[in-house]
2 protein chains.
Amino acid sequence: MNDSPRSIRLLAFATCAALAASCGEGSPASAGASSIGGDARTIIAERNLNEADVSAALSTYTPTGRHDEYYTFASGGHAGNIIVIGVPSMRILKYIAVFTPEPWQGYGYGDESGDLLKAGSRAGNLITWADQHHPALSESGGEYDGRWLFIGDKANPRMAVIDLRDFMTKQIVTSELLQSDHGAAFVTPDTDYVIETSQYPAPLGGKYAPIESYDAEYRGAMVFWKFDKQKGRIIPEQSFAIELPPYMQDLADAGKRVSDGWVFCNSINTERAWGGTMEGKPSLESGSTQNDMDYLHCIPWKKAEQVAAAGKTETIAGMRTIRLQTAIDEGLLFLVPEPKSPHGVDITPDGEDIVVGGKLDTHCTVYSATKIKDLAEQKKFAGRDPYGVPVLDFKQSIRGQCEIGLGPLHTQFDGQGNAYTSVFIESVVAKWSLKDLKLIEKIDSHFNIGHLCAAEGDTVSPDGKYLLAMNKWALDRFAPVGPLLPQNFQLVGLAGQKMTRLYDMPLPLGEPHYAQMIKADKLKPIEVYTPIGTNPFHEGVDPNAVTAGKERIERKDDGVHVWMTAVRSHFTPDIVRVKEGDVVHLHVTNVEQAHDATHGLAIGSHNVNLSLEPGKHCNVTFTAKRAGVYPFYCTEVCSALHLEMAGYLLVEPR
Amino acid sequence: MNDSPRSIRLLAFATCAALAASCGEGSPASAGASSIGGDARTIIAERNLNEADVSAALSTYTPTGRHDEYYTFASGGHAGNIIVIGVPSMRILKYIAVFTPEPWQGYGYGDESGDLLKAGSRAGNLITWADQHHPALSESGGEYDGRWLFIGDKANPRMAVIDLRDFMTKQIVTSELLQSDHGAAFVTPDTDYVIETSQYPAPLGGKYAPIESYDAEYRGAMVFWKFDKQKGRIIPEQSFAIELPPYMQDLADAGKRVSDGWVFCNSINTERAWGGTMEGKPSLESGSTQNDMDYLHCIPWKKAEQVAAAGKTETIAGMRTIRLQTAIDEGLLFLVPEPKSPHGVDITPDGEDIVVGGKLDTHCTVYSATKIKDLAEQKKFAGRDPYGVPVLDFKQSIRGQCEIGLGPLHTQFDGQGNAYTSVFIESVVAKWSLKDLKLIEKIDSHFNIGHLCAAEGDTVSPDGKYLLAMNKWALDRFAPVGPLLPQNFQLVGLAGQKMTRLYDMPLPLGEPHYAQMIKADKLKPIEVYTPIGTNPFHEGVDPNAVTAGKERIERKDDGVHVWMTAVRSHFTPDIVRVKEGDVVHLHVTNVEQAHDATHGLAIGSHNVNLSLEPGKHCNVTFTAKRAGVYPFYCTEVCSALHLEMAGYLLVEPR
């Protein structure tokens, strides 16, 4: 904050200018100068705001009707959804349902979204939640293109594809190859592949093996999900995986520019501890932190793609897998020591530096992509790991280290050659220079800082205006809400000479791990579904879409089919007569195209709720188990006669 | 906004004072005056803020670590949860899972919360969502007491009890008496009862009757759920209901002070239309709006309580029900005409006035509780409805009407004798005087305004500082998020001479209908569960709670039982060996008591996630269907070695 005499004099002048201009309430500020006046002083006194508060308030408040400059897409953690946040206002704009059913969006309460969730079943179980960690925006040429979003599930390894035209999840894929993930989702610079890497090793393909055979039978793997940008879908049969040693692979990042074609991935527990405290062994937390160094994994994915294309794979649980020995033989995997138990591996915008946060260290280690590639190509190996994977020399692979503080976790970048690292144990954001690896400045985060998210921070051209510090557990920041604490996103301004804290934002649902921030004007969401009858999960008009006048009820072999329309303020038909035990197939089209003509359809006591945005078609199947009279009605307040937009499902006894 | 020369001179003076005081960054403002300075002017210019924006920003921005003054509890609409919002910052502090499973809170992913949801099953179906409308805070002497919160489900009529010590849902009850509700939840002034009233008439008790017998067989009902404040639970067997004519009963409000002991409830569709458009009948929206007047229902519930206690009830679907004829005979139900299709019925703080918003009218009608009671007691009836229910004379029942604008919907009050009514079609908030029933002022709401929520607005002593306008469908207010639009809460300041718009808040999930705002200092949430092993659903230590050193795995007749502890940063046991097909009973205690020692427990691919706040015990039962190796791990980032807080579920083949 600049509180120099000059700036204050300027402000005093500004208030006089305001007086001269006689600006009325609500009038736009002339050159901004006229707008401090009126009752501002009283408010500041009453609310006991200091100068930093005033600046922060003015920097983040977004007046009625004005749109935020950036979208942040944050994982919802184990809430299983994506959080869309406007920056700088830090208002939550939407929760996108992904792995967890969500009735407002009708997600998981109709046929198609139900099928989508079923596609993510694991080990014979329908999974209705996820532990989401790292969202990834689709990229073109290393820039976010605002078209798609990907998110993985650590607990039940899966990958979801979200469409940023309608903010809806369109696909969930899973492979039994893995039993957990963490290094997911990360995309290659043109979104050819979405990367998902296991965390906790397990026998590949869902097999059983005793824990005592951990070294021999347990493995990690990195999956390259092939993404078809035209179709907007992952193509499982064109995807492939690389088997990895049974270390706990952690975060990853895809190379760009200089390092394009490579992917880099941290690991922890190269000790291969697996716990067993009740069987006389050290706990995992202890056993996994014995060594001073773990291994950075370096993988030339473009070369791996060729190896997979050449058929040098084994299909495990449906996934074309490059076995570990093949990966070694073909030069697809190189390890470099890294200070123990790292977390973030983050590649600079130019693709040259690979910054690793040493979670139990005080440094960030800056690896050189060029050096690593050279050592790998020249096969200058310092040794081999127990599985025969070549290990590169630490000192020959790095450009240097920057002394940061206790617990460097994750690093983001601006466009001016600076890096920003979250320092978990010290609870600060550290700004440092990439050029000379020198610390520049620190700013406090209030508690247990996790990842950082900078504006366009994972692209080849970060914006450097805003940074989110994603803190855990807002102990005392907000009015209390019981034992389960909200997380806290702290917005930090990067535009000035110094970092400034702009906003504390509670996270009311879920525990976000990571986020990406994109310029708002890159997104082009649709307003209505066109043409009428569009099924968003199929893209195109649903075969069962119905137009006004064509509504009908027919009994068929597979049950009673109801073709229904919704329009302000009635459903047609509004009386549906079936018999006890009937399977009912409801096909509903919202035949409106006005932007504000969304309806919902709830069927009482049958666990059905559909969201019917303008032009959308939904199908839902349910069994009328019990005779009775069940109202159905519109669940979105659609007009003054919304309450009257209702009907009856009459279930006659047999 | 006051932009008089004097105030601007004061501000100019203030900035000079700031200069003199040389306040540094972050120092508290001396008398608030010193805090406009520094780079504020630059920010205002860059962000093009006007005077109203500046005032609003300063009025709502809540600096780091400072708590909001009020909590707002808003229904999550058909998302099935409760939204907790801090006022004036309008930050969402928490989503409380109620009727919809939510994995971050472990709600619906463990035994006890699963049983809680199952208790809300309807017509043989497990219901995993709700359409929530009107939350009600518990009251003592007509004041919010900050202890409990109630919310109903319109689609699958149920009532939930939420504990404001830990912000967790503790009970869900349902009665098959009703097939929908809307006039729910409303509490009596000492929370003796929680009121739930049907909306769409149906045969009572879940029976079937053809729609053609609507007049004879379909009925409404008002349920009085008995609440035990000591136990914090609804006691279904002490609850009772009153049968009502087959009108569509709408919102309700319990009397207070002058009107204590009464409840008032609007209705629509006294025409008893039921649609049937495909069968040649008028649509419900048309058929239900033929008459000029509908009926305000007036019910002396304390008298009804005595009638129920005297056994003059019939038990229908387990609910003691006062039949309609008994209600008529015992003087428990009186109707008064009200302008057609009303929505809100809102009782003034003194309990004397009953304000009805005439949704298709331009007036608010102000009924007098005293007049209604007198007419009822003296049996001065103007007539009877088709069911023999006495009807009071409209003119003799009212104190007057206030001309408001097109579509008055819902009314709140301040402590100064003013009423605030949302005007749906005109999209304004209208302030008017209760004393002389004259309009004072209007302020625009941006679009389709619904309910209002004033600070402590439903109590006997409203605070009159803030008002929320709960608008539908923020067409253009926020950065777009696809066809499904967020709702918009607009915060209006009531402290000044004129109403001022302070904040536009998008609702990212759900469609809230109503909210209540309570002084934050009335709530006393707990920070940890004490003693260790507390099961929040049972209140008290769980029989299966386990202490450190007592962890064990035992095979019993009903499956494998695992008694496990969680502590930073390991689970004990960390290796769990079972056989394919085993039923596994996991009993987990978080044995920590530090405020920030929350853990989670996810079991990969088995749809299990528990939230283990400090001291909490959880039980979960699942079947290990398929042989394999499944990692389990902590889902809340609990320390630098959180990733290492993991173990394996080993499922051996049979």
# chains A, B, ... in the order shown; residues from 1 in each chain; ligands from 1
call {"tool": "calpha_fit_rmsd", "arguments": {"fixed": "chain A", "moving": "chain B"}}
result
0.1 Å
call {"tool": "residues_around", "arguments": {"residues": "region 621-627 of chain A", "least_positions_apart": "4", "cutoff": "9 Å", "atoms": "only C-alpha atoms", "output": "VMD selection string"}}
result
(chain A and resid 110 to 111 578 to 587 606 to 608 650 to 654) or (chain B and resid 123 to 125 206 to 208)
call {"tool": "residues_around", "arguments": {"residues": "Glu279 (chain A)", "least_positions_apart": "2", "cutoff": "12 Å", "atoms": "only C-alpha atoms", "output": "MDAnalysis selection string"}}
result
(chainID A and resid 211:212 274:277 281:283) or (chainID B and resid 552 572:577)
call {"tool": "residues_around", "arguments": {"residues": "Leu332 (chain A)", "least_positions_apart": "2", "cutoff": "12 Å", "atoms": "only C-alpha atoms", "output": "ChimeraX atom specification"}}
result
/A:222,241-244,261-264,297-308,322-330,334-335,373,376-377,379,389-390
call {"tool": "select_by_dssp", "arguments": {"residues": "region 13-189 of chain A", "states": "helix (DSSP H, G or I)", "output": "number ranges by chain"}}
result
A: 13-21, 33-35, 40-47, 51-60, 77-79, 111-118
call {"tool": "closest_residue", "arguments": {"among": "B:Phe224, B:Phe478, B:Tyr214, B:Phe489", "to": "Tyr71 (chain A)", "atoms": "only C-alpha atoms"}}
result
B:Phe478
call {"tool": "residues_around", "arguments": {"residues": "Asn266 (chain A)", "least_positions_apart": "3", "cutoff": "7 Å", "atoms": "only C-alpha atoms", "output": "list in words"}}
result
Gln249, Asp250, Leu251, Ala252, Tyr295, Leu296, His297, Pro342, His343 and Val345 of chain A
call {"tool": "residues_around", "arguments": {"residues": "Gly549 (chain A)", "least_positions_apart": "4", "cutoff": "10 Å", "atoms": "only C-alpha atoms", "output": "list in words"}}
result
Met564, Thr565 and Thr572 of chain A; Met278 of chain B
call {"tool": "atom_distance", "arguments": {"atom1": "CA of Ser198 (chain B)", "atom2": "CA of Tyr420 (chain B)"}}
result
26.8 Å
call {"tool": "residues_around", "arguments": {"residues": "Arg399 (chain B)", "least_positions_apart": "3", "cutoff": "7 Å", "atoms": "only C-alpha atoms", "output": "VMD selection string"}}
result
chain B and resid 366 to 368
call {"tool": "closest_residue", "arguments": {"among": "A:Val588, A:Ile440, A:Met293, A:Ile449", "to": "chain B", "atoms": "only C-alpha atoms"}}
result
A:Ile449
call {"tool": "atom_distance", "arguments": {"atom1": "CA of Asp476 (chain B)", "atom2": "CA of Tyr70 (chain A)"}}
result
16.0 Å
call {"tool": "atom_distance", "arguments": {"atom1": "CA of Asn471 (chain B)", "atom2": "CA of Ile96 (chain A)"}}
result
20.8 Å
call {"tool": "closest_residue", "arguments": {"among": "B:Pro246, B:Ile85, B:Ile92, B:Ser180", "to": "Ala646 (chain A)", "atoms": "only C-alpha atoms"}}
result
B:Ser180
call {"tool": "closest_residue", "arguments": {"among": "B:Lys359, B:Lys550, B:His451, B:Arg272", "to": "chain A", "atoms": "only C-alpha atoms"}}
result
B:Lys359
call {"tool": "select_by_dssp", "arguments": {"residues": "region 174-308 of chain A", "states": "strand (DSSP E or B)", "output": "ChimeraX atom specification"}}
result
/A:174,183-187,193-197,202,219-228,233-234,240-244,248-254,262-268,293-300
